[in-house]
$ cat start_10.cif   # mmCIF, C-alpha atoms and all ligand atoms
data_input
#
loop_
_atom_site.group_PDB
_atom_site.id
_atom_site.type_symbol
_atom_site.label_atom_id
_atom_site.label_comp_id
_atom_site.auth_asym_id
_atom_site.auth_seq_id
_atom_site.Cartn_x
_atom_site.Cartn_y
_atom_site.Cartn_z
ATOM 1 C CA MET A 1 9.253 -1.212 -17.674
ATOM 2 C CA ARG A 2 5.759 -2.035 -16.341
ATOM 3 C CA ILE A 3 5.253 -1.070 -12.732
ATOM 4 C CA PHE A 4 2.685 -1.903 -10.042
ATOM 5 C CA ASP A 5 3.255 0.400 -7.039
ATOM 6 C CA PRO A 6 1.909 -1.688 -4.141
ATOM 7 C CA HIS A 7 1.730 1.203 -1.632
ATOM 8 C CA ILE A 8 1.068 4.842 -2.536
ATOM 9 C CA HIS A 9 -1.409 7.427 -1.209
ATOM 10 C CA MET A 10 -2.714 9.110 -4.368
ATOM 11 C CA THR A 11 -5.360 11.129 -2.511
ATOM 12 C CA SER A 12 -2.418 13.302 -1.390
ATOM 13 C CA ARG A 13 -0.852 13.597 -4.861
ATOM 14 C CA THR A 14 -1.377 15.805 -7.903
ATOM 15 C CA THR A 15 -2.316 15.184 -11.520
ATOM 16 C CA ASP A 16 1.341 15.970 -12.447
ATOM 17 C CA ASP A 17 2.281 12.944 -10.336
ATOM 18 C CA TYR A 18 -0.226 10.734 -12.137
ATOM 19 C CA GLU A 19 1.189 11.846 -15.516
ATOM 20 C CA ALA A 20 4.824 11.335 -14.446
ATOM 21 C CA MET A 21 4.002 7.928 -12.938
ATOM 22 C CA TYR A 22 2.302 6.800 -16.137
ATOM 23 C CA ALA A 23 5.268 8.015 -18.221
ATOM 24 C CA SER A 24 7.658 6.033 -15.972
ATOM 25 C CA GLY A 25 5.677 2.809 -16.520
ATOM 26 C CA VAL A 26 3.193 2.707 -13.617
ATOM 27 C CA ARG A 27 0.035 0.935 -14.809
ATOM 28 C CA ALA A 28 -1.427 -0.230 -11.483
ATOM 29 C CA LEU A 29 -1.225 0.676 -7.810
ATOM 30 C CA VAL A 30 -2.599 -0.037 -4.349
ATOM 31 C CA GLU A 31 -3.635 2.866 -2.124
ATOM 32 C CA PRO A 32 -3.840 1.789 1.528
ATOM 33 C CA ALA A 33 -6.223 3.584 3.869
ATOM 34 C CA PHE A 34 -4.066 5.522 6.324
ATOM 35 C CA TRP A 35 -3.554 8.412 8.707
ATOM 36 C CA LEU A 36 -4.284 11.744 7.035
ATOM 37 C CA GLY A 37 -2.035 13.836 9.287
ATOM 38 C CA GLN A 38 -5.056 15.484 10.930
ATOM 39 C CA PRO A 39 -7.072 13.512 13.506
ATOM 40 C CA ARG A 40 -10.565 12.469 12.408
ATOM 41 C CA THR A 41 -13.226 13.004 15.029
ATOM 42 C CA THR A 42 -16.118 10.851 13.796
ATOM 43 C CA VAL A 43 -16.763 7.574 11.993
ATOM 44 C CA GLY A 44 -18.356 9.539 9.136
ATOM 45 C CA SER A 45 -14.983 11.044 8.224
ATOM 46 C CA PHE A 46 -13.674 7.516 7.718
ATOM 47 C CA THR A 47 -16.601 6.310 5.640
ATOM 48 C CA ASP A 48 -16.361 9.371 3.358
ATOM 49 C CA TYR A 49 -12.630 8.657 2.945
ATOM 50 C CA PHE A 50 -13.208 4.928 2.263
ATOM 51 C CA ASP A 51 -15.932 5.832 -0.266
ATOM 52 C CA ALA A 52 -13.477 8.170 -2.025
ATOM 53 C CA LEU A 53 -10.851 5.395 -2.195
ATOM 54 C CA VAL A 54 -13.224 2.937 -3.870
ATOM 55 C CA GLY A 55 -14.943 5.661 -5.934
ATOM 56 C CA TRP A 56 -13.502 9.015 -6.934
ATOM 57 C CA GLU A 57 -9.783 8.183 -6.592
ATOM 58 C CA ARG A 58 -10.174 4.993 -8.628
ATOM 59 C CA PHE A 59 -11.938 7.040 -11.316
ATOM 60 C CA ARG A 60 -9.256 9.760 -11.198
ATOM 61 C CA ALA A 61 -6.459 7.173 -11.619
ATOM 62 C CA SER A 62 -8.312 5.625 -14.557
ATOM 63 C CA GLN A 63 -8.246 9.026 -16.300
ATOM 64 C CA PHE A 64 -4.435 8.743 -16.297
ATOM 65 C CA GLY A 65 -4.347 5.129 -17.527
ATOM 66 C CA ILE A 66 -3.643 3.575 -14.105
ATOM 67 C CA ALA A 67 -5.628 0.783 -12.415
ATOM 68 C CA HIS A 68 -6.335 1.796 -8.811
ATOM 69 C CA HIS A 69 -6.899 -0.701 -5.991
ATOM 70 C CA CYS A 70 -7.097 0.010 -2.284
ATOM 71 C CA THR A 71 -6.839 -1.553 1.146
ATOM 72 C CA ILE A 72 -9.223 -0.657 3.960
ATOM 73 C CA ALA A 73 -8.572 -0.514 7.718
ATOM 74 C CA LEU A 74 -8.474 1.547 10.874
ATOM 75 C CA ASN A 75 -4.836 2.715 10.865
ATOM 76 C CA PRO A 76 -2.608 2.056 13.911
ATOM 77 C CA LYS A 77 -2.303 5.686 14.999
ATOM 78 C CA GLU A 78 -6.037 6.401 15.119
ATOM 79 C CA ALA A 79 -6.705 3.045 16.780
ATOM 80 C CA ASN A 80 -5.675 4.927 19.942
ATOM 81 C CA ASP A 81 -8.537 7.440 19.647
ATOM 82 C CA PRO A 82 -11.765 6.226 21.332
ATOM 83 C CA ARG A 83 -13.785 8.393 18.923
ATOM 84 C CA CYS A 84 -12.633 6.098 16.094
ATOM 85 C CA ALA A 85 -13.360 2.728 17.751
ATOM 86 C CA GLU A 86 -16.616 2.256 15.806
ATOM 87 C CA VAL A 87 -14.678 2.280 12.531
ATOM 88 C CA LEU A 88 -14.021 -1.416 13.188
ATOM 89 C CA ASP A 89 -17.789 -2.032 12.870
ATOM 90 C CA VAL A 90 -18.077 -0.472 9.388
ATOM 91 C CA LEU A 91 -15.057 -2.282 7.894
ATOM 92 C CA PRO A 92 -16.933 -5.452 6.786
ATOM 93 C CA ARG A 93 -19.087 -3.343 4.439
ATOM 94 C CA TYR A 94 -15.932 -2.120 2.631
ATOM 95 C CA LEU A 95 -13.965 -5.357 2.759
ATOM 96 C CA ALA A 96 -16.637 -6.935 0.552
ATOM 97 C CA LYS A 97 -16.150 -4.408 -2.289
ATOM 98 C CA ASP A 98 -14.486 -4.850 -5.698
ATOM 99 C CA GLY A 99 -10.952 -3.497 -5.936
ATOM 100 C CA VAL A 100 -10.390 -3.793 -2.155
ATOM 101 C CA VAL A 101 -7.398 -6.130 -2.279
ATOM 102 C CA ALA A 102 -6.332 -6.321 1.383
ATOM 103 C CA VAL A 103 -7.000 -5.280 4.968
ATOM 104 C CA GLY A 104 -4.582 -2.455 5.770
ATOM 105 C CA GLU A 105 -2.647 -0.552 6.834
ATOM 106 C CA VAL A 106 -2.842 -2.319 10.184
ATOM 107 C CA GLY A 107 -0.077 -2.854 12.752
ATOM 108 C CA PHE A 108 1.684 -0.785 15.372
ATOM 109 C CA ASP A 109 2.488 2.889 15.747
ATOM 110 C CA SER A 110 3.381 3.331 19.437
ATOM 111 C CA MET A 111 2.699 -0.295 20.478
ATOM 112 C CA THR A 112 -0.190 0.451 22.847
ATOM 113 C CA VAL A 113 -2.839 -1.978 24.148
ATOM 114 C CA GLU A 114 -5.470 -0.262 21.947
ATOM 115 C CA GLU A 115 -3.313 -0.696 18.848
ATOM 116 C CA GLU A 116 -2.819 -4.374 19.593
ATOM 117 C CA LYS A 117 -6.567 -4.921 20.028
ATOM 118 C CA ALA A 118 -7.421 -3.193 16.728
ATOM 119 C CA PHE A 119 -4.586 -5.033 14.947
ATOM 120 C CA ALA A 120 -5.723 -8.486 16.193
ATOM 121 C CA ARG A 121 -9.365 -7.761 15.326
ATOM 122 C CA GLN A 122 -8.442 -6.694 11.780
ATOM 123 C CA LEU A 123 -6.297 -9.797 11.235
ATOM 124 C CA GLU A 124 -9.456 -11.769 12.158
ATOM 125 C CA LEU A 125 -11.335 -9.819 9.474
ATOM 126 C CA ALA A 126 -8.643 -10.722 6.921
ATOM 127 C CA VAL A 127 -9.177 -14.407 7.750
ATOM 128 C CA GLU A 128 -12.955 -13.998 7.569
ATOM 129 C CA PHE A 129 -12.895 -12.169 4.193
ATOM 130 C CA GLU A 130 -10.061 -14.338 2.808
ATOM 131 C CA LEU A 131 -8.028 -11.215 2.088
ATOM 132 C CA PRO A 132 -4.309 -10.489 2.433
ATOM 133 C CA ALA A 133 -3.194 -8.065 5.165
ATOM 134 C CA MET A 134 -0.841 -5.108 4.778
ATOM 135 C CA VAL A 135 1.030 -4.478 8.002
ATOM 136 C CA HIS A 136 2.781 -1.209 8.831
ATOM 137 C CA THR A 137 5.852 -1.481 11.080
ATOM 138 C CA PRO A 138 6.532 1.366 13.521
ATOM 139 C CA HIS A 139 9.214 3.885 12.598
ATOM 140 C CA ARG A 140 10.533 3.732 16.194
ATOM 141 C CA ASP A 141 11.282 0.468 18.063
ATOM 142 C CA LYS A 142 11.200 -1.212 14.669
ATOM 143 C CA GLU A 143 12.793 -4.470 15.722
ATOM 144 C CA GLN A 144 10.579 -5.091 18.741
ATOM 145 C CA GLY A 145 7.501 -3.902 16.832
ATOM 146 C CA THR A 146 8.242 -6.321 14.014
ATOM 147 C CA ARG A 147 8.724 -9.220 16.449
ATOM 148 C CA ARG A 148 5.378 -8.575 18.165
ATOM 149 C CA THR A 149 3.751 -8.124 14.724
ATOM 150 C CA LEU A 150 4.892 -11.581 13.643
ATOM 151 C CA GLU A 151 3.616 -13.130 16.909
ATOM 152 C CA LEU A 152 0.165 -11.633 16.310
ATOM 153 C CA VAL A 153 0.145 -12.879 12.716
ATOM 154 C CA THR A 154 0.909 -16.412 13.940
ATOM 155 C CA GLU A 155 -1.829 -16.206 16.608
ATOM 156 C CA SER A 156 -4.360 -14.992 14.010
ATOM 157 C CA GLY A 157 -4.108 -18.133 11.899
ATOM 158 C CA LEU A 158 -3.700 -16.023 8.741
ATOM 159 C CA ALA A 159 -1.228 -17.793 6.421
ATOM 160 C CA PRO A 160 2.149 -15.975 6.393
ATOM 161 C CA GLY A 161 1.964 -15.822 2.587
ATOM 162 C CA MET A 162 -1.155 -13.648 2.943
ATOM 163 C CA VAL A 163 0.734 -10.985 4.919
ATOM 164 C CA VAL A 164 3.066 -8.229 3.740
ATOM 165 C CA VAL A 165 5.086 -6.554 6.473
ATOM 166 C CA ASP A 166 5.984 -3.120 5.183
ATOM 167 C CA HIS A 167 8.582 -0.374 5.721
ATOM 168 C CA LEU A 168 11.331 -2.947 6.369
ATOM 169 C CA ASN A 169 15.069 -2.281 6.485
ATOM 170 C CA GLU A 170 18.297 -4.276 6.889
ATOM 171 C CA VAL A 171 17.568 -4.831 10.600
ATOM 172 C CA THR A 172 14.036 -6.198 10.261
ATOM 173 C CA VAL A 173 14.063 -8.052 6.937
ATOM 174 C CA ASP A 174 15.447 -11.386 8.146
ATOM 175 C CA GLN A 175 12.852 -12.109 10.831
ATOM 176 C CA VAL A 176 10.037 -11.390 8.346
ATOM 177 C CA ASP A 177 11.713 -13.598 5.726
ATOM 178 C CA GLU A 178 12.045 -16.460 8.242
ATOM 179 C CA ALA A 179 8.373 -16.116 9.173
ATOM 180 C CA GLY A 180 7.432 -16.667 5.514
ATOM 181 C CA CYS A 181 5.634 -13.325 5.149
ATOM 182 C CA TRP A 182 6.070 -10.992 2.177
ATOM 183 C CA MET A 183 8.626 -8.224 2.651
ATOM 184 C CA GLY A 184 7.633 -4.658 1.774
ATOM 185 C CA PHE A 185 10.204 -1.882 1.279
ATOM 186 C CA SER A 186 9.296 1.793 1.054
ATOM 187 C CA ILE A 187 11.884 3.770 -0.904
ATOM 188 C CA TYR A 188 12.153 7.326 0.410
ATOM 189 C CA PRO A 189 14.023 10.378 -0.972
ATOM 190 C CA ASP A 190 16.205 11.256 2.008
ATOM 191 C CA THR A 191 15.620 8.989 4.985
ATOM 192 C CA LYS A 192 15.336 5.279 5.703
ATOM 193 C CA MET A 193 15.516 2.924 2.710
ATOM 194 C CA ASP A 194 16.824 4.262 -0.619
ATOM 195 C CA GLU A 195 17.103 2.490 -3.989
ATOM 196 C CA HIS A 196 20.776 1.579 -3.547
ATOM 197 C CA ARG A 197 20.229 -0.042 -0.154
ATOM 198 C CA MET A 198 17.269 -1.835 -1.764
ATOM 199 C CA VAL A 199 19.479 -3.234 -4.529
ATOM 200 C CA ALA A 200 21.958 -4.495 -1.907
ATOM 201 C CA ILE A 201 19.145 -6.344 -0.087
ATOM 202 C CA LEU A 202 17.960 -7.916 -3.359
ATOM 203 C CA GLN A 203 21.537 -9.032 -4.136
ATOM 204 C CA ARG A 204 21.842 -10.613 -0.707
ATOM 205 C CA ARG A 205 18.520 -12.459 -0.414
ATOM 206 C CA GLY A 206 16.988 -12.689 -3.890
ATOM 207 C CA LEU A 207 13.683 -11.577 -5.356
ATOM 208 C CA ASP A 208 11.185 -13.928 -3.670
ATOM 209 C CA ARG A 209 8.325 -12.371 -1.702
ATOM 210 C CA VAL A 210 9.703 -8.825 -2.100
ATOM 211 C CA LEU A 211 7.504 -5.790 -2.789
ATOM 212 C CA VAL A 212 9.018 -2.371 -3.517
ATOM 213 C CA ASN A 213 6.873 0.744 -3.104
ATOM 214 C CA SER A 214 7.197 4.521 -3.047
ATOM 215 C CA ALA A 215 4.803 4.947 -0.070
ATOM 216 C CA ALA A 216 4.381 8.487 -1.422
ATOM 217 C CA ASP A 217 1.912 10.520 0.639
ATOM 218 C CA TRP A 218 1.526 14.077 1.954
ATOM 219 C CA GLY A 219 5.064 14.086 3.374
ATOM 220 C CA ARG A 220 8.389 14.390 1.556
ATOM 221 C CA SER A 221 8.261 11.440 -0.810
ATOM 222 C CA ASP A 222 8.731 10.565 -4.480
ATOM 223 C CA PRO A 223 6.090 8.689 -6.507
ATOM 224 C CA LEU A 224 8.778 7.682 -9.044
ATOM 225 C CA LYS A 225 10.901 5.718 -6.546
ATOM 226 C CA THR A 226 9.635 2.431 -7.990
ATOM 227 C CA SER A 227 11.031 3.187 -11.468
ATOM 228 C CA LYS A 228 14.219 4.614 -9.914
ATOM 229 C CA THR A 229 14.676 1.309 -8.063
ATOM 230 C CA GLY A 230 14.194 -0.527 -11.366
ATOM 231 C CA ALA A 231 16.893 1.653 -12.942
ATOM 232 C CA ALA A 232 19.247 1.010 -9.998
ATOM 233 C CA MET A 233 18.644 -2.755 -10.346
ATOM 234 C CA LEU A 234 19.534 -2.639 -14.064
ATOM 235 C CA ALA A 235 22.660 -0.574 -13.336
ATOM 236 C CA ALA A 236 23.721 -3.190 -10.757
ATOM 237 C CA GLY A 237 23.433 -6.008 -13.307
ATOM 238 C CA PHE A 238 19.926 -7.381 -12.682
ATOM 239 C CA SER A 239 18.054 -8.330 -15.886
ATOM 240 C CA ALA A 240 14.933 -6.643 -17.259
ATOM 241 C CA ASP A 241 13.071 -9.837 -16.312
ATOM 242 C CA ASP A 242 14.289 -9.492 -12.690
ATOM 243 C CA VAL A 243 12.985 -5.920 -12.628
ATOM 244 C CA ASP A 244 9.648 -7.037 -14.084
ATOM 245 C CA ARG A 245 9.407 -9.713 -11.410
ATOM 246 C CA VAL A 246 9.985 -7.288 -8.509
ATOM 247 C CA LEU A 247 8.024 -4.317 -9.852
ATOM 248 C CA TRP A 248 5.154 -6.133 -11.587
ATOM 249 C CA ARG A 249 4.793 -9.898 -11.133
ATOM 250 C CA ASN A 250 5.432 -9.952 -7.352
ATOM 251 C CA PRO A 251 2.680 -7.430 -6.489
ATOM 252 C CA ILE A 252 0.343 -9.215 -8.926
ATOM 253 C CA GLU A 253 1.089 -12.516 -7.154
ATOM 254 C CA PHE A 254 0.578 -11.092 -3.664
ATOM 255 C CA PHE A 255 -2.559 -8.995 -4.237
ATOM 256 C CA GLY A 256 -3.916 -11.525 -6.748
ATOM 257 C CA GLN A 257 -4.609 -13.694 -3.687
ATOM 258 C CA SER A 258 -7.583 -11.413 -3.039
ATOM 259 C CA GLY A 259 -9.186 -12.531 -6.317
ATOM 260 C CA ARG A 260 -10.062 -8.868 -6.881
ATOM 261 C CA LEU A 261 -7.386 -7.362 -9.151
ATOM 262 C CA LEU A 262 -8.742 -4.802 -11.630
ATOM 263 C CA VAL A 263 -5.696 -4.933 -13.932
ATOM 264 C CA ASP A 264 -4.758 -7.509 -16.576
ATOM 265 C CA PRO A 265 -1.750 -9.376 -15.092
ATOM 266 C CA ASP A 266 -0.423 -9.935 -18.618
ATOM 267 C CA LEU A 267 -0.723 -6.276 -19.596
ATOM 268 C CA ALA A 268 1.822 -5.510 -22.332
ATOM 269 C CA ASP A 269 4.741 -3.287 -21.406
ATOM 270 C CA ASP A 270 3.694 -0.525 -23.779
ATOM 271 C CA ALA A 271 -0.076 -0.914 -23.366
ATOM 272 C CA SER A 272 -2.025 2.214 -22.734
ATOM 273 C CA ALA A 273 -5.201 1.821 -20.755
ATOM 274 C CA GLY A 274 -6.498 4.864 -22.638
ATOM 275 C CA SER A 275 -8.662 7.489 -21.033
ATOM 276 C CA ASP A 276 -11.292 10.052 -21.793
ATOM 277 C CA ALA A 277 -10.798 13.241 -19.775
ATOM 278 C CA SER A 278 -14.423 14.195 -20.246
ATOM 279 C CA ALA A 279 -15.677 10.972 -18.623
ATOM 280 C CA THR A 280 -17.563 11.494 -15.400
ATOM 281 C CA PHE A 281 -17.917 9.837 -12.008
ATOM 282 C CA GLU A 282 -21.320 10.496 -10.431
ATOM 283 C CA GLY A 283 -21.591 13.571 -12.653
ATOM 284 C CA ASN A 284 -18.128 14.985 -11.890
ATOM 285 C CA SER A 285 -15.135 14.994 -14.237
ATOM 286 C CA ILE A 286 -11.457 15.825 -13.677
ATOM 287 C CA LEU A 287 -12.027 18.888 -15.883
ATOM 288 C CA ARG A 288 -14.155 20.579 -13.173
ATOM 289 C CA GLY A 289 -17.066 22.033 -15.029
ATOM 290 C CA SER A 290 -17.399 23.155 -18.639
ATOM 291 C CA ARG A 291 -14.487 24.571 -20.577
ATOM 292 C CA ASP A 292 -16.274 26.882 -22.960
HETATM 293 ZN ZN ZN B 301 1.384 4.296 3.827
#
$ encode --input "start_10.cif" --output "structure tokens"
Amino acid sequence: MRIFDPHIHMTSRTTDDYEAMYASGVRALVEPAFWLGQPRTTVGSFTDYFDALVGWERFRASQFGIAHHCTIALNPKEANDPRCAEVLDVLPRYLAKDGVVAVGEVGFDSMTVEEEKAFARQLELAVEFELPAMVHTPHRDKEQGTRRTLELVTESGLAPGMVVVDHLNEVTVDQVDEAGCWMGFSIYPDTKMDEHRMVAILQRRGLDRVLVNSAADWGRSDPLKTSKTGAAMLAAGFSADDVDRVLWRNPIEFFGQSGRLLVDPDLADDASAGSDASATFEGNSILRGSRD
């Protein structure tokens, strides 16, 4: 099974996770810029984080045989903090970089006026940079938040096929499907969507425009939920080709629209990217200093 996890926050994860992900078949991923759990107080905190996403974390992933891509944005929650407003001005510098495959995560958290302004502005940037957009739907008021999200996408002029609306469930999937956007599902260990509910959705509406991710971060989450969903699909009678489509070819098709993928789309199932643990990034290796 070859797997492309289209939404996972590796900055919050350990080297054990990287090893287990590789063993389960993960060969590529997208790490969206997001909320770190602790409010940032200056623009510099964001630029250091964005630099780490396009620099150190990509290097770290490569040491475990995984191609790392990222998305860059001011996340919905911090869009409410006036100290972070200037982040919007530094985004163009990052949206021009290699391996930045979308604008995101953008969208709504509490559906405030500030969130809507930042969301609309970042959809404009996606149009300007000809990049896809990754849109986060709120965990509360999901249905209304998704409706307003789709209205803003239409107003932005960004093609629906360039947008993935993420964290969907049985209640929100149909309106996103009708709008022609891609449908993202985050598979969590004990709340919201799990792999069996995911299989039921795939049985009902098919495999088109569906992305399945682990959305693993600093909270309770499981970076192997993509492979567990693949196993649940096989157990339910889907073919290995169906699994490959959902877990590999669909994310390649969606993020390939950026023209910036760093992974070979035709990568063989058993290919190893290979790695050298003593390699360095700006003088630093994952071995932390000499071992003698
Ligand atoms: Zn996320």
$ closest_atom_pairs --input "start_10.cif" --of "region 37-62 of chain A" --to "region 91-109 of chain A" --cutoff "12 Å" --atoms "only C-alpha atoms" --output "tab-separated table"
residue	atom	partner	partner_atom	distance
A:Val43	CA	A:Leu91	CA	10.8
A:Phe46	CA	A:Leu91	CA	9.9
A:Thr47	CA	A:Tyr94	CA	9.0
A:Asp48	CA	A:Tyr94	CA	11.5
A:Tyr49	CA	A:Tyr94	CA	11.3
A:Phe50	CA	A:Tyr94	CA	7.6
A:Asp51	CA	A:Tyr94	CA	8.5
A:Ala52	CA	A:Tyr94	CA	11.6
A:Leu53	CA	A:Val100	CA	9.2
A:Val54	CA	A:Gly99	CA	7.1
A:Gly55	CA	A:Gly99	CA	10.0
A:Glu57	CA	A:Gly99	CA	11.8
A:Arg58	CA	A:Gly99	CA	8.9
A:Phe59	CA	A:Gly99	CA	11.9
$ resolve_selection --input "start_10.cif" --expression "the PyMOL selection byres (((chain A and resi 194) around 12) and not hetatm)" --output "number ranges by chain"
A: 167-170, 185-193, 195-201, 212-214, 221-222, 225-226, 228-229, 232
$ residues_near_ligand --input "start_10.cif" --ligand "ligand ZN 301 (chain B)" --cutoff "10 Å" --atoms "all atoms listed in the file" --output "count of residues only"
25
$ residues_around --input "start_10.cif" --residues "region 249-257 of chain A" --least-positions-apart "4" --cutoff "7 Å" --atoms "only C-alpha atoms" --output "number ranges by chain"
A: 4, 6, 101, 132, 209-211, 244-245, 261, 265
$ resolve_selection --input "start_10.cif" --expression "the PyMOL selection byres (((chain A and resi 123) around 8) and not hetatm)" --output "PyMOL selection string"
chain A and resi 103+119-122+124-127+133+153+156+158
$ closest_residue --input "start_10.cif" --among "A:Val30, A:Gly230, A:Thr154, A:Thr15" --to "Leu287 (chain A)" --atoms "only C-alpha atoms"
A:Thr15
$ resolve_selection --input "start_10.cif" --expression "the PyMOL selection byres (((chain A and resi 82) around 12) and not hetatm)" --output "list in words"
Pro39, Arg40, Thr41, Thr42, Val43, Leu74, Lys77, Glu78, Ala79, Asn80, Asp81, Arg83, Cys84, Ala85, Glu86, Val87, Leu88, Glu114, Glu115 and Ala118 of chain A
$ write_last_selection --input "start_10.cif" --atoms "C-alpha atoms" --output "compact mmCIF listing (two decimals), in the coordinates of the input"
# COMPACT_ATOMS: atom_id res chain seq x y z
CA PRO A 39 -7.07 13.51 13.51
CA ARG A 40 -10.56 12.47 12.41
CA THR A 41 -13.23 13.00 15.03
CA THR A 42 -16.12 10.85 13.80
CA VAL A 43 -16.76 7.57 11.99
CA LEU A 74 -8.47 1.55 10.87
CA LYS A 77 -2.30 5.69 15.00
CA GLU A 78 -6.04 6.40 15.12
CA ALA A 79 -6.70 3.04 16.78
CA ASN A 80 -5.68 4.93 19.94
CA ASP A 81 -8.54 7.44 19.65
CA ARG A 83 -13.78 8.39 18.92
CA CYS A 84 -12.63 6.10 16.09
CA ALA A 85 -13.36 2.73 17.75
CA GLU A 86 -16.62 2.26 15.81
CA VAL A 87 -14.68 2.28 12.53
CA LEU A 88 -14.02 -1.42 13.19
CA GLU A 114 -5.47 -0.26 21.95
CA GLU A 115 -3.31 -0.70 18.85
CA ALA A 118 -7.42 -3.19 16.73
$ residues_around --input "start_10.cif" --residues "Ile3 (chain A)" --least-positions-apart "5" --cutoff "6 Å" --atoms "only C-alpha atoms" --output "list in words"
Gly25, Val26, Arg27, Leu247 and Trp248 of chain A
$ closest_residue --input "start_10.cif" --among "A:Arg220, A:Phe238, A:Gly180, A:Ala20" --to "Gly65 (chain A)" --atoms "only C-alpha atoms"
A:Ala20
$ atom_distance --input "start_10.cif" --atom1 "CA of Pro76 (chain A)" --atom2 "CA of His139 (chain A)"
12.0 Å
$ closest_residue --input "start_10.cif" --among "A:Met183, A:Leu262, A:Val113, A:Ala279" --to "Ala28 (chain A)" --atoms "all atoms listed in the file"
A:Leu262
$ atom_distance --input "start_10.cif" --atom1 "CA of Asn284 (chain A)" --atom2 "CA of Ser62 (chain A)"
13.8 Å
$ decode --input "start_10.cif" --residues "region 235-287 of chain A" --atoms "C-alpha atoms" --output "PDB file, in the first residue's frame"
ATOM      1  CA  ALA A 235     -12.065  -5.722   4.548  1.00  0.00           C
ATOM      2  CA  ALA A 236     -15.282  -4.172   3.184  1.00  0.00           C
ATOM      3  CA  GLY A 237     -14.588  -5.499  -0.321  1.00  0.00           C
ATOM      4  CA  PHE A 238     -12.895  -2.543  -2.043  1.00  0.00           C
ATOM      5  CA  SER A 239      -9.996  -3.554  -4.334  1.00  0.00           C
ATOM      6  CA  ALA A 240      -6.318  -2.731  -3.815  1.00  0.00           C
ATOM      7  CA  ASP A 241      -6.660  -0.384  -6.806  1.00  0.00           C
ATOM      8  CA  ASP A 242      -9.544   1.447  -5.057  1.00  0.00           C
ATOM      9  CA  VAL A 243      -7.354   1.886  -1.980  1.00  0.00           C
ATOM     10  CA  ASP A 244      -4.473   3.158  -4.122  1.00  0.00           C
ATOM     11  CA  ARG A 245      -6.822   5.645  -5.756  1.00  0.00           C
ATOM     12  CA  VAL A 246      -8.073   7.093  -2.443  1.00  0.00           C
ATOM     13  CA  LEU A 247      -4.797   7.004  -0.510  1.00  0.00           C
ATOM     14  CA  TRP A 248      -2.343   7.852  -3.304  1.00  0.00           C
ATOM     15  CA  ARG A 249      -3.693   8.919  -6.703  1.00  0.00           C
ATOM     16  CA  ASN A 250      -6.391  11.302  -5.380  1.00  0.00           C
ATOM     17  CA  PRO A 251      -3.993  13.426  -3.280  1.00  0.00           C
ATOM     18  CA  ILE A 252      -1.504  13.399  -6.177  1.00  0.00           C
ATOM     19  CA  GLU A 253      -4.265  14.650  -8.502  1.00  0.00           C
ATOM     20  CA  PHE A 254      -5.428  17.383  -6.125  1.00  0.00           C
ATOM     21  CA  PHE A 255      -2.060  18.755  -4.965  1.00  0.00           C
ATOM     22  CA  GLY A 256      -0.508  18.123  -8.392  1.00  0.00           C
ATOM     23  CA  GLN A 257      -2.573  21.129  -9.514  1.00  0.00           C
ATOM     24  CA  SER A 258       0.028  23.273  -7.749  1.00  0.00           C
ATOM     25  CA  GLY A 259       2.713  22.052 -10.170  1.00  0.00           C
ATOM     26  CA  ARG A 260       4.991  21.734  -7.135  1.00  0.00           C
ATOM     27  CA  LEU A 261       4.912  18.091  -5.991  1.00  0.00           C
ATOM     28  CA  LEU A 262       8.266  16.817  -4.701  1.00  0.00           C
ATOM     29  CA  VAL A 263       7.352  13.120  -5.011  1.00  0.00           C
ATOM     30  CA  ASP A 264       7.296  10.883  -8.093  1.00  0.00           C
ATOM     31  CA  PRO A 265       3.571  10.239  -8.762  1.00  0.00           C
ATOM     32  CA  ASP A 266       4.470   6.828 -10.198  1.00  0.00           C
ATOM     33  CA  LEU A 267       6.570   5.824  -7.195  1.00  0.00           C
ATOM     34  CA  ALA A 268       6.595   2.021  -6.914  1.00  0.00           C
ATOM     35  CA  ASP A 269       4.725   0.488  -4.003  1.00  0.00           C
ATOM     36  CA  ASP A 270       7.865  -0.939  -2.433  1.00  0.00           C
ATOM     37  CA  ALA A 271      10.225   1.906  -3.364  1.00  0.00           C
ATOM     38  CA  SER A 272      12.392   3.250  -0.629  1.00  0.00           C
ATOM     39  CA  ALA A 273      13.403   6.862  -0.934  1.00  0.00           C
ATOM     40  CA  GLY A 274      16.537   5.927   1.011  1.00  0.00           C
ATOM     41  CA  SER A 275      18.111   8.199   3.563  1.00  0.00           C
ATOM     42  CA  ASP A 276      21.385   9.036   5.187  1.00  0.00           C
ATOM     43  CA  ALA A 277      20.986   9.786   8.897  1.00  0.00           C
ATOM     44  CA  SER A 278      24.240  11.705   8.941  1.00  0.00           C
ATOM     45  CA  ALA A 279      23.049  14.155   6.263  1.00  0.00           C
ATOM     46  CA  THR A 280      22.720  17.716   7.459  1.00  0.00           C
ATOM     47  CA  PHE A 281      20.398  20.676   6.984  1.00  0.00           C
ATOM     48  CA  GLU A 282      22.186  24.002   7.476  1.00  0.00           C
ATOM     49  CA  GLY A 283      24.785  22.134   9.532  1.00  0.00           C
ATOM     50  CA  ASN A 284      22.324  20.229  11.744  1.00  0.00           C
ATOM     51  CA  SER A 285      21.525  16.516  11.537  1.00  0.00           C
ATOM     52  CA  ILE A 286      18.819  14.394  13.182  1.00  0.00           C
ATOM     53  CA  LEU A 287      21.622  12.737  15.177  1.00  0.00           C
TER      54      LEU A 287
END
